[in-house]
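Student: Below is the file coords-v3.csv, which contains CSV, C-alpha atoms.
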```csv
chain,number,residue,atom,x,y,z
A,24,MET,CA,-0.4,8.7,19.0
A,25,LEU,CA,-3.8,8.8,17.2
A,26,ARG,CA,-4.3,5.8,14.9
A,27,TRP,CA,-6.2,6.1,11.7
A,28,LEU,CA,-4.8,3.0,10.0
A,29,PRO,CA,-5.3,-0.7,10.5
A,30,GLU,CA,-2.9,-2.5,12.8
A,31,ASP,CA,0.5,-2.8,11.3
A,32,VAL,CA,1.8,-6.4,11.2
A,33,SER,CA,4.6,-6.1,8.6
A,34,THR,CA,8.3,-5.6,9.0
A,35,TYR,CA,8.4,-2.3,7.0
A,36,GLY,CA,4.9,-0.9,7.9
A,37,HIS,CA,6.3,1.4,10.6
A,38,GLU,CA,8.4,3.2,8.1
A,39,ILE,CA,5.4,3.8,5.9
A,40,ASP,CA,3.3,4.9,8.8
A,41,SER,CA,5.9,7.4,10.0
A,42,LEU,CA,5.9,9.1,6.6
A,43,PHE,CA,2.1,9.0,6.4
A,44,TYR,CA,1.6,10.6,9.8
A,45,LEU,CA,4.3,13.2,9.1
A,46,ILE,CA,2.5,14.2,5.8
A,47,TYR,CA,-0.8,14.1,7.6
A,48,TYR,CA,0.2,16.5,10.4
A,49,ILE,CA,1.9,18.9,7.9
A,50,THR,CA,-1.3,18.9,5.8
A,51,ALA,CA,-3.5,19.4,8.8
A,52,ALA,CA,-1.5,22.3,10.1
A,53,THR,CA,-1.5,23.9,6.7
A,54,PHE,CA,-5.3,23.5,6.5
A,55,VAL,CA,-5.8,25.1,9.9
A,56,LEU,CA,-3.5,28.0,9.1
A,57,VAL,CA,-5.1,28.7,5.7
A,58,THR,CA,-8.6,28.4,7.1
A,59,VAL,CA,-7.9,30.8,10.0
A,60,LEU,CA,-6.3,33.3,7.7
A,61,MET,CA,-9.1,33.1,5.2
A,62,ILE,CA,-11.7,33.7,7.9
A,63,TRP,CA,-9.6,36.6,9.3
A,64,PHE,CA,-9.4,38.2,5.8
A,65,LEU,CA,-13.1,37.8,5.3
A,66,ILE,CA,-13.8,39.7,8.5
A,67,LYS,CA,-11.1,42.3,8.1
A,68,TYR,CA,-11.7,43.2,4.5
A,69,ARG,CA,-15.5,42.8,4.5
A,70,GLU,CA,-17.6,45.5,2.8
A,71,GLN,CA,-18.0,48.6,5.0
A,72,PRO,CA,-19.8,51.9,4.4
A,73,GLY,CA,-17.4,54.6,3.3
A,74,ARG,CA,-14.5,52.2,2.5
A,75,ARG,CA,-13.2,52.3,-1.0
A,76,ALA,CA,-11.6,49.4,-2.8
A,77,ILE,CA,-7.9,49.9,-3.7
A,78,TYR,CA,-5.7,48.0,-6.2
A,79,ASN,CA,-2.8,46.1,-4.8
A,80,HIS,CA,-0.4,44.2,-7.2
A,81,GLY,CA,0.7,41.8,-4.4
A,82,ASN,CA,3.7,41.3,-2.2
A,83,THR,CA,6.7,39.7,-3.9
A,84,THR,CA,8.3,38.7,-0.6
A,85,LEU,CA,5.2,36.9,0.6
A,86,GLU,CA,4.9,35.1,-2.8
A,87,ILE,CA,8.4,33.9,-2.6
A,88,ILE,CA,7.9,32.7,1.0
A,89,TRP,CA,4.8,30.7,0.3
A,90,THR,CA,6.4,29.2,-2.8
A,91,VAL,CA,9.8,28.3,-1.3
A,92,ILE,CA,8.4,26.8,2.0
A,93,PRO,CA,6.1,24.2,0.3
A,94,ALA,CA,8.8,23.4,-2.2
A,95,ALA,CA,11.3,22.8,0.5
A,96,ILE,CA,8.9,20.6,2.4
A,97,LEU,CA,8.3,18.5,-0.7
A,98,ILE,CA,12.0,18.1,-1.3
A,99,VAL,CA,12.7,17.0,2.3
A,100,LEU,CA,9.8,14.5,2.2
A,101,SER,CA,11.1,13.1,-1.1
A,102,PHE,CA,14.5,12.5,0.4
A,103,MET,CA,13.0,11.0,3.5
A,104,SER,CA,11.0,8.5,1.4
A,105,VAL,CA,13.7,7.4,-1.0
A,106,SER,CA,15.2,4.8,1.3
A,107,THR,CA,11.8,3.3,2.3
A,108,TRP,CA,10.7,3.2,-1.4
A,109,ALA,CA,14.0,1.5,-2.4
A,110,LYS,CA,13.7,-1.0,0.4
A,111,ILE,CA,10.2,-2.0,-0.5
A,112,LYS,CA,10.0,-1.6,-4.3
A,113,ARG,CA,13.5,-1.9,-5.7
A,114,THR,CA,14.9,-4.9,-3.8
A,115,VAL,CA,13.5,-8.3,-2.7
A,116,PRO,CA,15.2,-10.0,0.2
A,117,PRO,CA,16.5,-13.5,-0.5
A,118,THR,CA,14.0,-16.2,0.4
A,119,ASP,CA,12.9,-19.7,-0.5
A,120,PHE,CA,9.2,-19.0,-0.1
A,121,GLU,CA,7.5,-17.9,-3.4
A,122,ILE,CA,4.0,-17.7,-4.6
A,123,GLN,CA,2.3,-16.6,-7.8
A,124,VAL,CA,-0.8,-14.4,-7.6
A,125,THR,CA,-2.8,-14.0,-10.8
A,126,ALA,CA,-5.5,-11.4,-10.8
A,127,LYS,CA,-8.6,-11.7,-13.0
A,128,GLN,CA,-12.1,-10.4,-12.9
A,129,PHE,CA,-13.0,-10.9,-10.1
A,130,ASN,CA,-10.8,-13.0,-7.9
A,131,TRP,CA,-7.2,-13.9,-7.0
A,132,ASP,CA,-5.7,-17.2,-8.3
A,133,ILE,CA,-3.0,-18.2,-5.8
A,134,ALA,CA,-0.3,-20.8,-6.9
A,135,TYR,CA,2.3,-22.5,-4.8
A,136,PRO,CA,5.2,-24.6,-6.3
A,137,GLY,CA,4.4,-28.2,-6.7
A,138,ALA,CA,6.6,-31.3,-6.3
A,139,ASP,CA,9.2,-29.8,-8.7
A,140,GLY,CA,9.6,-26.8,-6.5
A,141,LYS,CA,9.0,-24.4,-9.4
A,142,LEU,CA,6.3,-21.9,-10.1
A,143,GLY,CA,4.6,-21.8,-13.5
A,144,THR,CA,4.6,-25.5,-14.1
A,145,ASP,CA,1.7,-28.0,-14.5
A,146,ASP,CA,2.0,-29.3,-10.9
A,147,ASP,CA,1.5,-25.9,-9.2
A,148,VAL,CA,-0.9,-26.1,-6.3
A,149,LYS,CA,-3.7,-23.5,-6.7
A,150,PHE,CA,-6.2,-21.9,-4.5
A,151,ASP,CA,-8.9,-19.2,-5.0
A,152,ASN,CA,-8.6,-16.0,-2.9
A,153,ASP,CA,-6.7,-17.6,0.0
A,154,VAL,CA,-3.0,-17.0,0.8
A,155,HIS,CA,-1.4,-19.0,3.6
A,156,VAL,CA,2.1,-18.0,4.8
A,157,PRO,CA,4.2,-18.6,7.9
A,158,ILE,CA,5.0,-15.8,10.4
A,159,ASN,CA,8.4,-14.1,10.1
A,160,LYS,CA,9.1,-15.3,6.6
A,161,VAL,CA,9.9,-13.2,3.6
A,162,VAL,CA,7.2,-14.0,0.9
A,163,ARG,CA,8.2,-13.3,-2.7
A,164,VAL,CA,5.1,-12.6,-4.8
A,165,HIS,CA,5.0,-13.1,-8.6
A,166,LEU,CA,2.1,-10.8,-9.5
A,167,LYS,CA,0.2,-11.1,-12.8
A,168,SER,CA,-3.1,-10.1,-14.4
A,169,THR,CA,-5.0,-11.8,-17.1
A,170,ASP,CA,-7.3,-9.0,-18.2
A,171,VAL,CA,-7.2,-5.5,-16.7
A,172,ILE,CA,-5.2,-3.6,-14.1
A,173,HIS,CA,-5.9,-4.8,-10.5
A,174,SER,CA,-4.2,-3.8,-7.3
A,175,PHE,CA,-3.1,-6.5,-4.8
A,176,PHE,CA,-3.6,-4.7,-1.4
A,177,ILE,CA,-3.1,-6.0,2.1
A,178,PRO,CA,-3.8,-3.0,4.4
A,179,ASN,CA,-2.4,-4.6,7.6
A,180,LEU,CA,0.9,-5.2,5.9
A,181,ARG,CA,1.0,-1.8,4.2
A,182,PHE,CA,1.5,-3.8,1.0
A,183,LYS,CA,0.0,-2.5,-2.3
A,184,GLN,CA,1.1,-3.4,-5.8
A,185,ASP,CA,-0.7,-3.1,-9.1
A,186,ALA,CA,-1.0,-6.2,-11.3
A,187,VAL,CA,-0.6,-5.2,-15.0
A,188,PRO,CA,-1.6,-7.4,-18.0
A,189,GLY,CA,1.4,-8.7,-19.9
A,190,ARG,CA,3.8,-8.2,-17.0
A,191,THR,CA,5.1,-10.2,-14.0
A,192,ILE,CA,5.9,-7.9,-11.2
A,193,MET,CA,8.0,-9.0,-8.2
A,194,ALA,CA,7.0,-7.8,-4.7
A,195,TRP,CA,7.4,-9.0,-1.2
A,196,PHE,CA,6.2,-8.8,2.4
A,197,GLU,CA,6.9,-10.3,5.8
A,198,ALA,CA,4.2,-10.7,8.4
A,199,LYS,CA,5.2,-10.6,12.1
A,200,LYS,CA,1.8,-11.5,13.7
A,201,PRO,CA,-0.5,-14.5,13.1
A,202,GLY,CA,-4.0,-13.8,12.0
A,203,LYS,CA,-6.5,-13.5,9.1
A,204,TYR,CA,-6.1,-10.3,7.1
A,205,GLU,CA,-8.3,-8.8,4.3
A,206,LEU,CA,-6.9,-8.8,0.8
A,207,PRO,CA,-9.1,-6.6,-1.4
A,208,CYS,CA,-8.5,-5.3,-4.9
A,209,ALA,CA,-7.7,-1.6,-4.6
A,210,GLU,CA,-8.1,-0.7,-8.3
A,211,LEU,CA,-11.5,-0.2,-10.0
A,212,CYS,CA,-11.4,-3.2,-12.3
A,213,GLY,CA,-15.0,-3.6,-13.5
A,214,PHE,CA,-18.6,-4.2,-12.3
A,215,GLY,CA,-17.6,-6.9,-9.8
A,216,HIS,CA,-14.7,-4.9,-8.3
A,217,SER,CA,-16.3,-4.5,-4.8
A,218,GLY,CA,-16.6,-8.3,-4.5
A,219,MET,CA,-13.0,-9.0,-5.4
A,220,LYS,CA,-11.7,-9.9,-2.0
A,221,GLY,CA,-9.4,-12.6,-0.6
A,222,TRP,CA,-7.7,-13.4,2.7
A,223,LEU,CA,-4.2,-13.6,3.9
A,224,HIS,CA,-3.7,-16.3,6.6
A,225,VAL,CA,-0.6,-15.8,8.6
A,226,HIS,CA,0.2,-19.0,10.6
A,227,SER,CA,2.8,-19.8,13.3
A,228,VAL,CA,5.5,-22.0,11.9
A,229,GLU,CA,4.0,-25.2,13.4
A,230,ASP,CA,0.5,-24.3,12.1
A,231,TYR,CA,1.8,-23.5,8.6
A,232,GLN,CA,3.7,-26.8,8.4
A,233,LYS,CA,0.5,-28.6,9.4
A,234,TRP,CA,-1.6,-26.7,6.8
A,235,ALA,CA,1.1,-27.4,4.1
A,236,ALA,CA,1.1,-31.1,5.0
A,237,GLU,CA,-2.7,-31.2,4.6
A,238,ASN,CA,-3.1,-29.0,1.6
A,239,LEU,CA,0.1,-28.7,-0.4
A,240,ALA,CA,1.8,-32.1,-0.2
A,241,PRO,CA,-1.3,-34.3,-1.2
A,242,LYS,CA,-2.1,-32.0,-4.2
A,243,ALA,CA,1.5,-31.9,-5.3
A,244,GLN,CA,1.7,-35.7,-5.3
```
Rewrite the coordinates I just gave you, this time as structure tokens.

Tutor:
Amino acid sequence: MLRWLPEDVSTYGHEIDSLFYLIYYITAATFVLVTVLMIWFLIKYREQPGRRAIYNHGNTTLEIIWTVIPAAILIVLSFMSVSTWAKIKRTVPPTDFEIQVTAKQFNWDIAYPGADGKLGTDDDVKFDNDVHVPINKVVRVHLKSTDVIHSFFIPNLRFKQDAVPGRTIMAWFEAKKPGKYELPCAELCGFGHSGMKGWLHVHSVEDYQKWAAENLAPKAQ
């Protein structure tokens, strides 16, 4: 299958991709059909000597058909996407791995629980623009913004969630392949928007434990 999207490394990315490609091919087929018909009409009904224009009020049957078919397609797509939307946006799987991401112009503040094991306390361990997580681990994200609306976007995980001032929004992801993945802001948030970029580092379990021992434990102490 033709691939237009970055490599999917999340546990729910394939569901999003399936919906994306279904909508993409329906749209492409509709575009081709409309374009071909338009060109055919331009040729068939072009101005010709001796031909007089006539008034036609339309065709009720055709109008019903091209109204009902798109409506039916949209309804079917809506029902197909409900379960995926609920799985990603309405529920967060149980996990003991939590981070807090605070967006501000123009970087991401990443906080891990400190010695007390709780987020939002004075001993939180903080980093700028770098998120480190282990593979095959549900990561619960507490997403905030200190100024304007930002959008926390990880293309390879098909993860995208707006950060809204005055709210803490819960989101989650689970990466299934180690690597370094781009983490841009996907919402125009000011003059420095294009430079608001971080990185998600997905480690093997052993490598993450090593990173945590070197970077989290000393700072927490």

Student: What are the closest atom pairs, with distances in Å to one decimal, for each residue of stretch 100-160 of chain A lying within 8 Å of stretch 169-176 of chain A, using all atoms listed in the file, rows by chain and rising residue number, as CSV?

Tutor:
```
residue,atom,partner,partner_atom,distance
A:Thr125,CA,A:Thr169,CA,7.0
A:Ala126,CA,A:Thr169,CA,6.3
A:Lys127,CA,A:Thr169,CA,5.5
A:Gln128,CA,A:Asp170,CA,7.3
```

Student: So which residues touch A:Lys167 within 8 Å, counting only C-alpha atoms, skipping near sequence neighbours fewer than 3 positions away, as a ChimeraX atom specification?

Tutor: /A:123-126,186-192

Student: One number please: atom CA of A:Arg163 to atom CA of A:Glu38, in Å, one decimal.

Tutor: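 Computed distance, atom CA of A:Arg163 to atom CA of A:Glu38, equals 19.7 Å.
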
Student: Hey, can you check how far atom CA of A:Val99 sits from atom CA of A:Trp195?

Tutor: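 We find that atom CA of A:Val99 and atom CA of A:Trp195 lie 26.8 Å from each other.
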
Student: Compare A:His165, A:Ser104, A:Gly143, A:Val32 by their minimum atom-to-atom distance to A:Gly202, counting all atoms listed in the file, and give me the closest one.

Tutor: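 Using all atoms listed in the file, the shortest distance to A:Gly202 belongs to A:Val32.
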